[in-house]
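Here is the file coords-v7.cif (mmCIF, C-alpha atoms and all ligand atoms; chains and numbers go by the auth columns).
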```cif
data_work
loop_
_atom_site.group_PDB
_atom_site.id
_atom_site.type_symbol
_atom_site.label_atom_id
_atom_site.label_comp_id
_atom_site.label_asym_id
_atom_site.label_seq_id
_atom_site.Cartn_x
_atom_site.Cartn_y
_atom_site.Cartn_z
_atom_site.B_iso_or_equiv
_atom_site.auth_seq_id
_atom_site.auth_asym_id
ATOM 1 C CA MET A 1 -0.579 -1.061 -36.672 0.00 1 A
ATOM 2 C CA SER A 2 -2.078 1.163 -34.022 0.00 2 A
ATOM 3 C CA LYS A 3 -1.226 4.821 -34.260 0.00 3 A
ATOM 4 C CA LYS A 4 -0.244 5.458 -30.731 0.00 4 A
ATOM 5 C CA SER A 5 -0.520 9.125 -30.065 0.00 5 A
ATOM 6 C CA LEU A 6 2.485 11.103 -29.049 0.00 6 A
ATOM 7 C CA LEU A 7 0.642 12.254 -25.963 0.00 7 A
ATOM 8 C CA THR A 8 -0.098 8.701 -24.851 0.00 8 A
ATOM 9 C CA GLU A 9 3.516 7.804 -25.337 0.00 9 A
ATOM 10 C CA MET A 10 4.682 10.801 -23.364 0.00 10 A
ATOM 11 C CA ARG A 11 2.244 10.071 -20.582 0.00 11 A
ATOM 12 C CA ASP A 12 3.292 6.431 -20.454 0.00 12 A
ATOM 13 C CA THR A 13 6.951 7.383 -20.373 0.00 13 A
ATOM 14 C CA GLN A 14 6.320 9.759 -17.498 0.00 14 A
ATOM 15 C CA LEU A 15 4.315 7.103 -15.690 0.00 15 A
ATOM 16 C CA ALA A 16 7.044 4.510 -16.234 0.00 16 A
ATOM 17 C CA ILE A 17 9.693 6.873 -14.876 0.00 17 A
ATOM 18 C CA GLU A 18 7.599 7.518 -11.781 0.00 18 A
ATOM 19 C CA MET A 19 7.150 3.820 -11.194 0.00 19 A
ATOM 20 C CA ILE A 20 10.818 3.026 -11.814 0.00 20 A
ATOM 21 C CA GLU A 21 11.809 5.678 -9.296 0.00 21 A
ATOM 22 C CA LEU A 22 9.571 4.007 -6.746 0.00 22 A
ATOM 23 C CA GLY A 23 11.238 0.675 -7.471 0.00 23 A
ATOM 24 C CA ALA A 24 8.700 -0.990 -9.766 0.00 24 A
ATOM 25 C CA ARG A 25 9.762 -4.210 -11.478 0.00 25 A
ATOM 26 C CA PRO A 26 9.639 -4.417 -15.303 0.00 26 A
ATOM 27 C CA GLN A 27 6.553 -6.640 -15.248 0.00 27 A
ATOM 28 C CA VAL A 28 4.631 -3.861 -13.485 0.00 28 A
ATOM 29 C CA LEU A 29 5.783 -1.313 -16.056 0.00 29 A
ATOM 30 C CA GLU A 30 4.764 -3.572 -18.929 0.00 30 A
ATOM 31 C CA SER A 31 1.392 -4.153 -17.413 0.00 31 A
ATOM 32 C CA GLU A 32 0.611 -0.487 -16.762 0.00 32 A
ATOM 33 C CA THR A 33 1.993 1.166 -19.895 0.00 33 A
ATOM 34 C CA THR A 34 1.844 0.599 -23.649 0.00 34 A
ATOM 35 C CA LEU A 35 5.611 1.002 -24.047 0.00 35 A
ATOM 36 C CA SER A 36 7.607 -1.858 -25.529 0.00 36 A
ATOM 37 C CA ARG A 37 9.744 -4.071 -23.340 0.00 37 A
ATOM 38 C CA GLU A 38 12.921 -2.776 -25.024 0.00 38 A
ATOM 39 C CA ARG A 39 11.871 0.784 -24.413 0.00 39 A
ATOM 40 C CA LEU A 40 11.087 0.072 -20.781 0.00 40 A
ATOM 41 C CA LEU A 41 14.391 -1.688 -20.172 0.00 41 A
ATOM 42 C CA LYS A 42 16.252 1.220 -21.702 0.00 42 A
ATOM 43 C CA LEU A 43 14.291 3.658 -19.599 0.00 43 A
ATOM 44 C CA TYR A 44 14.924 1.582 -16.491 0.00 44 A
ATOM 45 C CA LYS A 45 18.676 1.627 -17.078 0.00 45 A
ATOM 46 C CA GLU A 46 18.659 5.344 -17.697 0.00 46 A
ATOM 47 C CA VAL A 47 16.706 6.121 -14.541 0.00 47 A
ATOM 48 C CA LYS A 48 18.356 3.605 -12.211 0.00 48 A
ATOM 49 C CA GLY A 49 21.773 3.281 -13.763 0.00 49 A
ATOM 50 C CA VAL A 50 21.522 -0.509 -13.596 0.00 50 A
ATOM 51 C CA SER A 51 19.582 -3.292 -15.257 0.00 51 A
ATOM 52 C CA PRO A 52 16.336 -4.337 -13.583 0.00 52 A
ATOM 53 C CA PRO A 53 16.338 -7.431 -11.383 0.00 53 A
ATOM 54 C CA LYS A 54 15.302 -10.587 -13.230 0.00 54 A
ATOM 55 C CA GLY A 55 12.789 -13.106 -12.049 0.00 55 A
ATOM 56 C CA MET A 56 9.106 -13.496 -11.522 0.00 56 A
ATOM 57 C CA LEU A 57 6.891 -11.189 -9.533 0.00 57 A
ATOM 58 C CA PRO A 58 5.980 -12.347 -6.045 0.00 58 A
ATOM 59 C CA PHE A 59 2.807 -14.223 -6.724 0.00 59 A
ATOM 60 C CA SER A 60 1.559 -15.807 -3.496 0.00 60 A
ATOM 61 C CA THR A 61 -1.011 -14.133 -1.269 0.00 61 A
ATOM 62 C CA ASP A 62 0.618 -15.772 1.769 0.00 62 A
ATOM 63 C CA TRP A 63 3.290 -13.127 2.226 0.00 63 A
ATOM 64 C CA PHE A 64 0.628 -10.466 2.875 0.00 64 A
ATOM 65 C CA LEU A 65 -0.776 -12.510 5.727 0.00 65 A
ATOM 66 C CA THR A 66 2.421 -12.877 7.728 0.00 66 A
ATOM 67 C CA TRP A 67 2.665 -10.615 10.718 0.00 67 A
ATOM 68 C CA LEU A 68 4.672 -7.520 9.829 0.00 68 A
ATOM 69 C CA PRO A 69 3.809 -7.551 6.104 0.00 69 A
ATOM 70 C CA ASN A 70 0.154 -7.803 7.144 0.00 70 A
ATOM 71 C CA VAL A 71 0.371 -4.657 9.262 0.00 71 A
ATOM 72 C CA HIS A 72 1.968 -2.756 6.384 0.00 72 A
ATOM 73 C CA SER A 73 -0.343 -4.221 3.742 0.00 73 A
ATOM 74 C CA SER A 74 -3.351 -3.270 5.816 0.00 74 A
ATOM 75 C CA LEU A 75 -2.006 0.240 6.242 0.00 75 A
ATOM 76 C CA PHE A 76 -1.532 0.528 2.475 0.00 76 A
ATOM 77 C CA ILE A 77 -4.932 -0.848 1.574 0.00 77 A
ATOM 78 C CA ASN A 78 -6.634 1.536 4.038 0.00 78 A
ATOM 79 C CA ILE A 79 -4.829 4.474 2.456 0.00 79 A
ATOM 80 C CA HIS A 80 -5.742 3.207 -1.007 0.00 80 A
ATOM 81 C CA ARG A 81 -9.411 2.903 -0.062 0.00 81 A
ATOM 82 C CA TYR A 82 -9.401 6.394 1.310 0.00 82 A
ATOM 83 C CA ILE A 83 -7.831 7.753 -1.881 0.00 83 A
ATOM 84 C CA THR A 84 -10.192 5.978 -4.251 0.00 84 A
ATOM 85 C CA ARG A 85 -13.300 6.838 -2.250 0.00 85 A
ATOM 86 C CA ASN A 86 -12.489 10.461 -1.711 0.00 86 A
ATOM 87 C CA SER A 87 -10.935 11.559 -4.971 0.00 87 A
ATOM 88 C CA ASP A 88 -11.234 10.978 -8.713 0.00 88 A
ATOM 89 C CA CYS A 89 -8.075 8.926 -8.537 0.00 89 A
ATOM 90 C CA SER A 90 -8.222 5.333 -9.733 0.00 90 A
ATOM 91 C CA GLY A 91 -6.104 2.622 -11.316 0.00 91 A
ATOM 92 C CA ILE A 92 -2.355 3.022 -11.321 0.00 92 A
ATOM 93 C CA GLU A 93 -2.646 6.699 -10.335 0.00 93 A
ATOM 94 C CA ALA A 94 -4.336 5.691 -7.105 0.00 94 A
ATOM 95 C CA VAL A 95 -1.709 3.033 -6.431 0.00 95 A
ATOM 96 C CA LEU A 96 1.081 5.555 -6.982 0.00 96 A
ATOM 97 C CA LYS A 97 -0.547 8.161 -4.780 0.00 97 A
ATOM 98 C CA SER A 98 -1.292 5.632 -2.054 0.00 98 A
ATOM 99 C CA TYR A 99 2.250 4.338 -2.136 0.00 99 A
ATOM 100 C CA ARG A 100 3.677 7.834 -1.742 0.00 100 A
ATOM 101 C CA LEU A 101 1.412 8.415 1.245 0.00 101 A
ATOM 102 C CA TYR A 102 2.461 5.076 2.698 0.00 102 A
ATOM 103 C CA GLN A 103 6.100 6.150 2.360 0.00 103 A
ATOM 104 C CA GLU A 104 5.406 9.540 3.889 0.00 104 A
ATOM 105 C CA TYR A 105 3.584 7.917 6.750 0.00 105 A
ATOM 106 C CA LEU A 106 6.525 5.617 7.468 0.00 106 A
ATOM 107 C CA HIS A 107 8.974 8.478 7.148 0.00 107 A
ATOM 108 C CA THR A 108 6.975 10.530 9.647 0.00 108 A
ATOM 109 C CA ASN A 109 6.954 7.588 12.029 0.00 109 A
ATOM 110 C CA GLN A 110 10.559 6.631 11.318 0.00 110 A
ATOM 111 C CA ALA A 111 9.630 3.129 10.293 0.00 111 A
ATOM 112 C CA GLU A 112 11.144 1.127 7.483 0.00 112 A
ATOM 113 C CA ALA A 113 9.037 0.280 4.449 0.00 113 A
ATOM 114 C CA VAL A 114 8.174 -3.399 4.417 0.00 114 A
ATOM 115 C CA LEU A 115 5.942 -3.169 1.362 0.00 115 A
ATOM 116 C CA SER A 116 7.850 -2.470 -1.858 0.00 116 A
ATOM 117 C CA PHE A 117 6.051 -0.665 -4.664 0.00 117 A
ATOM 118 C CA THR A 118 5.807 -3.910 -6.613 0.00 118 A
ATOM 119 C CA ARG A 119 4.317 -5.650 -3.580 0.00 119 A
ATOM 120 C CA ALA A 120 1.826 -2.818 -3.106 0.00 120 A
ATOM 121 C CA TRP A 121 0.841 -3.044 -6.757 0.00 121 A
ATOM 122 C CA THR A 122 0.473 -6.821 -6.440 0.00 122 A
ATOM 123 C CA LEU A 123 -1.595 -6.393 -3.286 0.00 123 A
ATOM 124 C CA ASN A 124 -3.963 -4.104 -5.150 0.00 124 A
ATOM 125 C CA ARG A 125 -4.247 -6.701 -7.929 0.00 125 A
ATOM 126 C CA PHE A 126 -5.103 -9.369 -5.367 0.00 126 A
ATOM 127 C CA PHE A 127 -7.866 -7.134 -4.002 0.00 127 A
ATOM 128 C CA GLU A 128 -9.235 -6.437 -7.483 0.00 128 A
ATOM 129 C CA ASN A 129 -9.338 -10.164 -8.151 0.00 129 A
ATOM 130 C CA ARG A 130 -10.839 -10.863 -4.723 0.00 130 A
ATOM 131 C CA MET A 131 -7.949 -13.089 -3.783 0.00 131 A
ATOM 132 C CA LEU A 132 -7.602 -10.990 -0.634 0.00 132 A
ATOM 133 C CA GLU A 133 -10.048 -8.858 1.315 0.00 133 A
ATOM 134 C CA THR A 134 -10.207 -7.072 4.658 0.00 134 A
ATOM 135 C CA ALA A 135 -11.805 -8.193 7.892 0.00 135 A
ATOM 136 C CA VAL A 136 -12.678 -6.036 10.874 0.00 136 A
ATOM 137 C CA CYS A 137 -10.685 -6.780 14.002 0.00 137 A
ATOM 138 C CA SER A 138 -12.980 -7.587 16.916 0.00 138 A
ATOM 139 C CA GLY A 139 -10.445 -6.007 19.248 0.00 139 A
ATOM 140 C CA CYS A 140 -9.674 -2.619 17.696 0.00 140 A
ATOM 141 C CA GLY A 141 -12.175 -2.275 14.844 0.00 141 A
ATOM 142 C CA GLY A 142 -9.410 -1.792 12.294 0.00 142 A
ATOM 143 C CA HIS A 143 -9.589 -3.265 8.809 0.00 143 A
ATOM 144 C CA PHE A 144 -6.905 -5.845 8.098 0.00 144 A
ATOM 145 C CA VAL A 145 -5.893 -7.874 5.067 0.00 145 A
ATOM 146 C CA VAL A 146 -7.176 -11.445 5.247 0.00 146 A
ATOM 147 C CA HIS A 147 -7.769 -14.402 2.981 0.00 147 A
ATOM 148 C CA PRO A 148 -11.412 -14.580 1.786 0.00 148 A
ATOM 149 C CA ASP A 149 -11.680 -18.299 2.486 0.00 149 A
ATOM 150 C CA ASP A 150 -10.801 -18.047 6.159 0.00 150 A
ATOM 151 C CA LEU A 151 -13.408 -17.472 8.857 0.00 151 A
ATOM 152 C CA HIS A 152 -13.405 -13.945 10.219 0.00 152 A
ATOM 153 C CA ASP A 153 -16.252 -13.900 12.751 0.00 153 A
ATOM 154 C CA GLN A 154 -14.000 -13.297 15.697 0.00 154 A
ATOM 155 C CA TYR A 155 -11.038 -11.977 13.799 0.00 155 A
ATOM 156 C CA VAL A 156 -8.264 -10.492 15.929 0.00 156 A
ATOM 157 C CA CYS A 157 -5.566 -8.534 14.152 0.00 157 A
ATOM 158 C CA GLY A 158 -1.809 -8.923 14.466 0.00 158 A
ATOM 159 C CA LEU A 159 -1.489 -5.762 16.545 0.00 159 A
ATOM 160 C CA CYS A 160 -4.122 -6.751 19.108 0.00 160 A
ATOM 161 C CA ASN A 161 -2.571 -10.184 19.309 0.00 161 A
ATOM 162 C CA VAL A 162 1.140 -9.801 18.660 0.00 162 A
ATOM 163 C CA PRO A 163 2.829 -13.162 18.238 0.00 163 A
ATOM 164 C CA ALA A 164 5.557 -13.732 20.837 0.00 164 A
ATOM 165 C CA ARG A 165 8.299 -13.992 18.250 0.00 165 A
ATOM 166 C CA ALA A 166 7.232 -10.828 16.444 0.00 166 A
ATOM 167 C CA GLY A 167 8.810 -8.593 19.054 0.00 167 A
ATOM 168 C CA LYS A 168 12.168 -10.273 18.759 0.00 168 A
ATOM 169 C CA THR A 169 13.368 -8.680 15.583 0.00 169 A
ATOM 170 C CA ARG A 170 14.512 -5.112 15.861 0.00 170 A
ATOM 171 C CA LYS A 171 12.813 -4.177 12.638 0.00 171 A
ATOM 172 C CA ALA A 172 9.491 -5.512 13.823 0.00 172 A
ATOM 173 C CA LYS A 173 9.782 -3.713 17.130 0.00 173 A
ATOM 174 C CA ALA A 174 10.585 -0.436 15.467 0.00 174 A
ATOM 175 C CA ALA A 175 7.679 -0.731 13.086 0.00 175 A
ATOM 176 C CA GLU A 176 5.261 -1.670 15.801 0.00 176 A
ATOM 177 C CA GLY A 177 6.443 1.132 18.033 0.00 177 A
ATOM 178 C CA SER A 178 6.127 3.742 15.369 0.00 178 A
ATOM 179 C CA LEU A 179 2.773 2.506 14.208 0.00 179 A
ATOM 180 C CA ARG A 180 1.586 3.090 17.733 0.00 180 A
ATOM 181 C CA SER A 181 3.444 6.244 18.547 0.00 181 A
ATOM 182 C CA SER A 182 1.161 8.958 17.266 0.00 182 A
ATOM 183 C CA GLY A 183 -1.075 9.083 20.276 0.00 183 A
ATOM 184 C CA ALA A 184 -3.664 6.668 19.004 0.00 184 A
ATOM 185 C CA PRO A 185 -4.734 4.032 21.491 0.00 185 A
ATOM 186 C CA THR A 186 -2.663 0.891 21.319 0.00 186 A
ATOM 187 C CA GLY A 187 -3.733 -1.413 18.539 0.00 187 A
ATOM 188 C CA VAL A 188 -5.869 1.087 16.663 0.00 188 A
ATOM 189 C CA PRO A 189 -3.695 1.950 13.720 0.00 189 A
ATOM 190 C CA LEU A 190 -6.153 1.104 11.000 0.00 190 A
ATOM 191 C CA ALA A 191 -9.271 2.919 11.933 0.00 191 A
ATOM 192 C CA GLY A 192 -12.354 1.720 10.184 0.00 192 A
ATOM 193 C CA ALA A 193 -14.869 1.393 12.953 0.00 193 A
ATOM 194 C CA ALA A 194 -14.640 5.082 13.645 0.00 194 A
ATOM 195 C CA GLU A 195 -15.230 5.894 10.024 0.00 195 A
ATOM 196 C CA GLY A 196 -18.670 7.383 10.447 0.00 196 A
ATOM 197 C CA SER A 197 -17.805 9.680 13.279 0.00 197 A
ATOM 198 C CA ARG A 198 -14.567 10.697 11.629 0.00 198 A
ATOM 199 C CA ARG A 199 -16.350 11.635 8.467 0.00 199 A
ATOM 200 C CA SER A 200 -18.781 13.886 10.285 0.00 200 A
ATOM 201 C CA SER A 201 -15.977 15.527 12.198 0.00 201 A
ATOM 202 C CA GLY A 202 -14.117 16.338 9.025 0.00 202 A
ATOM 203 C CA VAL A 203 -11.286 13.923 9.704 0.00 203 A
ATOM 204 C CA PRO A 204 -10.493 11.700 6.722 0.00 204 A
ATOM 205 C CA ALA A 205 -12.217 8.370 7.024 0.00 205 A
ATOM 206 C CA GLY A 206 -10.704 4.949 6.913 0.00 206 A
ATOM 207 C CA VAL A 207 -7.237 6.278 7.385 0.00 207 A
ATOM 208 C CA PRO A 208 -4.813 4.917 9.931 0.00 208 A
ATOM 209 C CA LEU A 209 -3.238 7.403 12.278 0.00 209 A
ATOM 210 C CA ALA A 210 -3.355 11.115 12.742 0.00 210 A
ATOM 211 C CA GLY A 211 -0.066 11.639 10.930 0.00 211 A
ATOM 212 C CA ALA A 212 -1.162 9.883 7.805 0.00 212 A
ATOM 213 C CA ALA A 213 -4.550 11.544 7.952 0.00 213 A
ATOM 214 C CA ALA A 214 -2.920 14.935 7.937 0.00 214 A
ATOM 215 C CA GLN A 215 -0.733 13.954 5.023 0.00 215 A
ATOM 216 C CA ILE A 216 -3.661 12.644 3.091 0.00 216 A
ATOM 217 C CA GLU A 217 -5.685 15.762 3.715 0.00 217 A
ATOM 218 C CA LEU A 218 -2.892 17.830 2.276 0.00 218 A
ATOM 219 C CA THR A 219 -2.337 15.657 -0.744 0.00 219 A
ATOM 220 C CA ALA A 220 -5.901 14.761 -1.561 0.00 220 A
ATOM 221 C CA ALA A 221 -7.162 18.319 -1.319 0.00 221 A
HETATM 222 ZN ZN ZN B . -6.966 -5.266 16.261 0.00 301 B
#
```
Kindly present the structure from the file in structure tokens form.
Amino acid sequence: MSKKSLLTEMRDTQLAIEMIELGARPQVLESETTLSRERLLKLYKEVKGVSPPKGMLPFSTDWFLTWLPNVHSSLFINIHRYITRNSDCSGIEAVLKSYRLYQEYLHTNQAEAVLSFTRAWTLNRFFENRMLETAVCSGCGGHFVVHPDDLHDQYVCGLCNVPARAGKTRKAKAAEGSLRSSGAPTGVPLAGAAEGSRRSSGVPAGVPLAGAAAQIELTAA
């Protein structure tokens, strides 16, 4: 039997609590910690006051490609790239940090979170396994989540080409509005093209809008 060190166990417990607070499903906790399922369920109940939801994790990549989820997924993955490229952060730590920044960004822009922590974690898995990647929008130069098997030569993102029905839900409208509201030119939420010039000017690279950039500077410092 492995002699799991007390420190590892403490660290895993702390990590599990953090993830539970962010809404992680039990499967995520099991995958990222060495704690037993019983232990995790007990911890979950203690932190949340209720039993975790049952059922499988969302598995399909399709969800990330639908309009509003795609905007949010792209935002998250841009933040995550920034974090992993510009700090020592990696693995679950980077996912946690990126998710907090995603939440802060939405809070600042008064938008509702579309990407749950479990979805964000799954998205990162899909990127690690190359089941999803990003393509550069030919309209705004932003980096957006796409399927690797599709053609992306003349890729146009969901913000440069908003589907007619997208504007009809209040939630979608609010999200779109707030993603555009920080003074950035319309349709340039996920800067990537400007990466080089941003880097030289001291502005964090590969990061969406000014608000998030400021947040990231503070947190990543
Ligand atoms: Zn675009």
Inset, instruction - Using the chain letters and numbering of this document, enumerate as an MDAnalysis selection string the residues selected by the PyMOL selection byres (((not hetatm)) within 9 of (chain B and resi 301)). - result: chainID A and resid 136:144 155:161 187:190
Inset, instruction - Kindly give the distance, in Å, that separates CA of Val47 (chain A) and CA of Thr84 (chain A), rounded to a single decimal. - result: 28.8 Å
As lines of an AutoDock Vina configuration file, please: the centre and edge lengths in Å, to one decimal, of an axis-aligned box enclosing every listed atom of region 122-125 of chain A with 4 Å added on each side.
```
center_x = -1.9
center_y = -5.5
center_z = -5.6
size_x = 12.7
size_y = 10.7
size_z = 12.6
```
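Taking CA of Ser60 (chain A) and CA of His152 (chain A) as the two end points, the separation is 20.4 Å.
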Legend entry - Point-to-point distance from CA of Gly49 (chain A) to CA of Thr34 (chain A), Å rounded to tenths: 22.4 Å
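Taking only C-alpha atoms, the non-local environment of Thr13 (chain A) within 12 Å (same-chain residues fewer than 2 positions away omitted) comprises Leu6, Leu7, Thr8, Glu9, Met10, Arg11, Leu15, Ala16, Ile17, Glu18, Met19, Ile20, Leu29, Glu30, Glu32, Thr33, Thr34, Leu35, Ser36, Arg39, Leu40, Leu41, Lys42, Leu43, Tyr44 and Val47 of chain A.
Residues within 9 Å of Ser116 (chain A), counting all atoms listed in the file and excluding same-chain residues fewer than 4 positions away, are Leu22, Gly23, Ala24, Tyr99, Ala120 and Trp121 of chain A.
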Keeping C-alpha atoms for every residue in the selection just given, could you write it to a file as an mmCIF file, keeping the file's coordinate frame?
```cif
data_model
loop_
_atom_site.group_PDB
_atom_site.id
_atom_site.type_symbol
_atom_site.label_atom_id
_atom_site.label_comp_id
_atom_site.auth_asym_id
_atom_site.auth_seq_id
_atom_site.Cartn_x
_atom_site.Cartn_y
_atom_site.Cartn_z
ATOM 1 C CA LEU A 22 9.571 4.007 -6.746
ATOM 2 C CA GLY A 23 11.238 0.675 -7.471
ATOM 3 C CA ALA A 24 8.700 -0.990 -9.766
ATOM 4 C CA TYR A 99 2.250 4.338 -2.136
ATOM 5 C CA ALA A 120 1.826 -2.818 -3.106
ATOM 6 C CA TRP A 121 0.841 -3.044 -6.757
#
```
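Residues surrounding Leu115 (chain A) within 12 Å are Leu22, Gly23, Ala24, Pro58, Trp63, Phe64, Leu68, Pro69, Asn70, Val71, His72, Ser73, Ser74, Leu75, Phe76, Ile77, Ser98, Tyr99, Arg100, Tyr102, Gln103, Leu106, Ala120, Trp121, Thr122, Leu123 and Asn124 of chain A [all atoms listed in the file; sequence separation below 5 positions excluded].
Considering only C-alpha atoms, the residue among A:Lys54, A:Arg81, A:Arg37, A:Lys97 positioned nearest to Glu128 (chain A) is A:Arg81.
Residue nearest Phe59 (chain A) within the list A:Asn78, A:Thr118, A:Ser87, A:Gln110: A:Thr118 [criterion: smallest interatomic distance, all atoms listed in the file].
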Legend entry - Distance criterion (only C-alpha atoms): nearest to Leu132 (chain A) out of A:Asn86, A:Ser51, A:Thr61, A:Asn109: A:Thr61
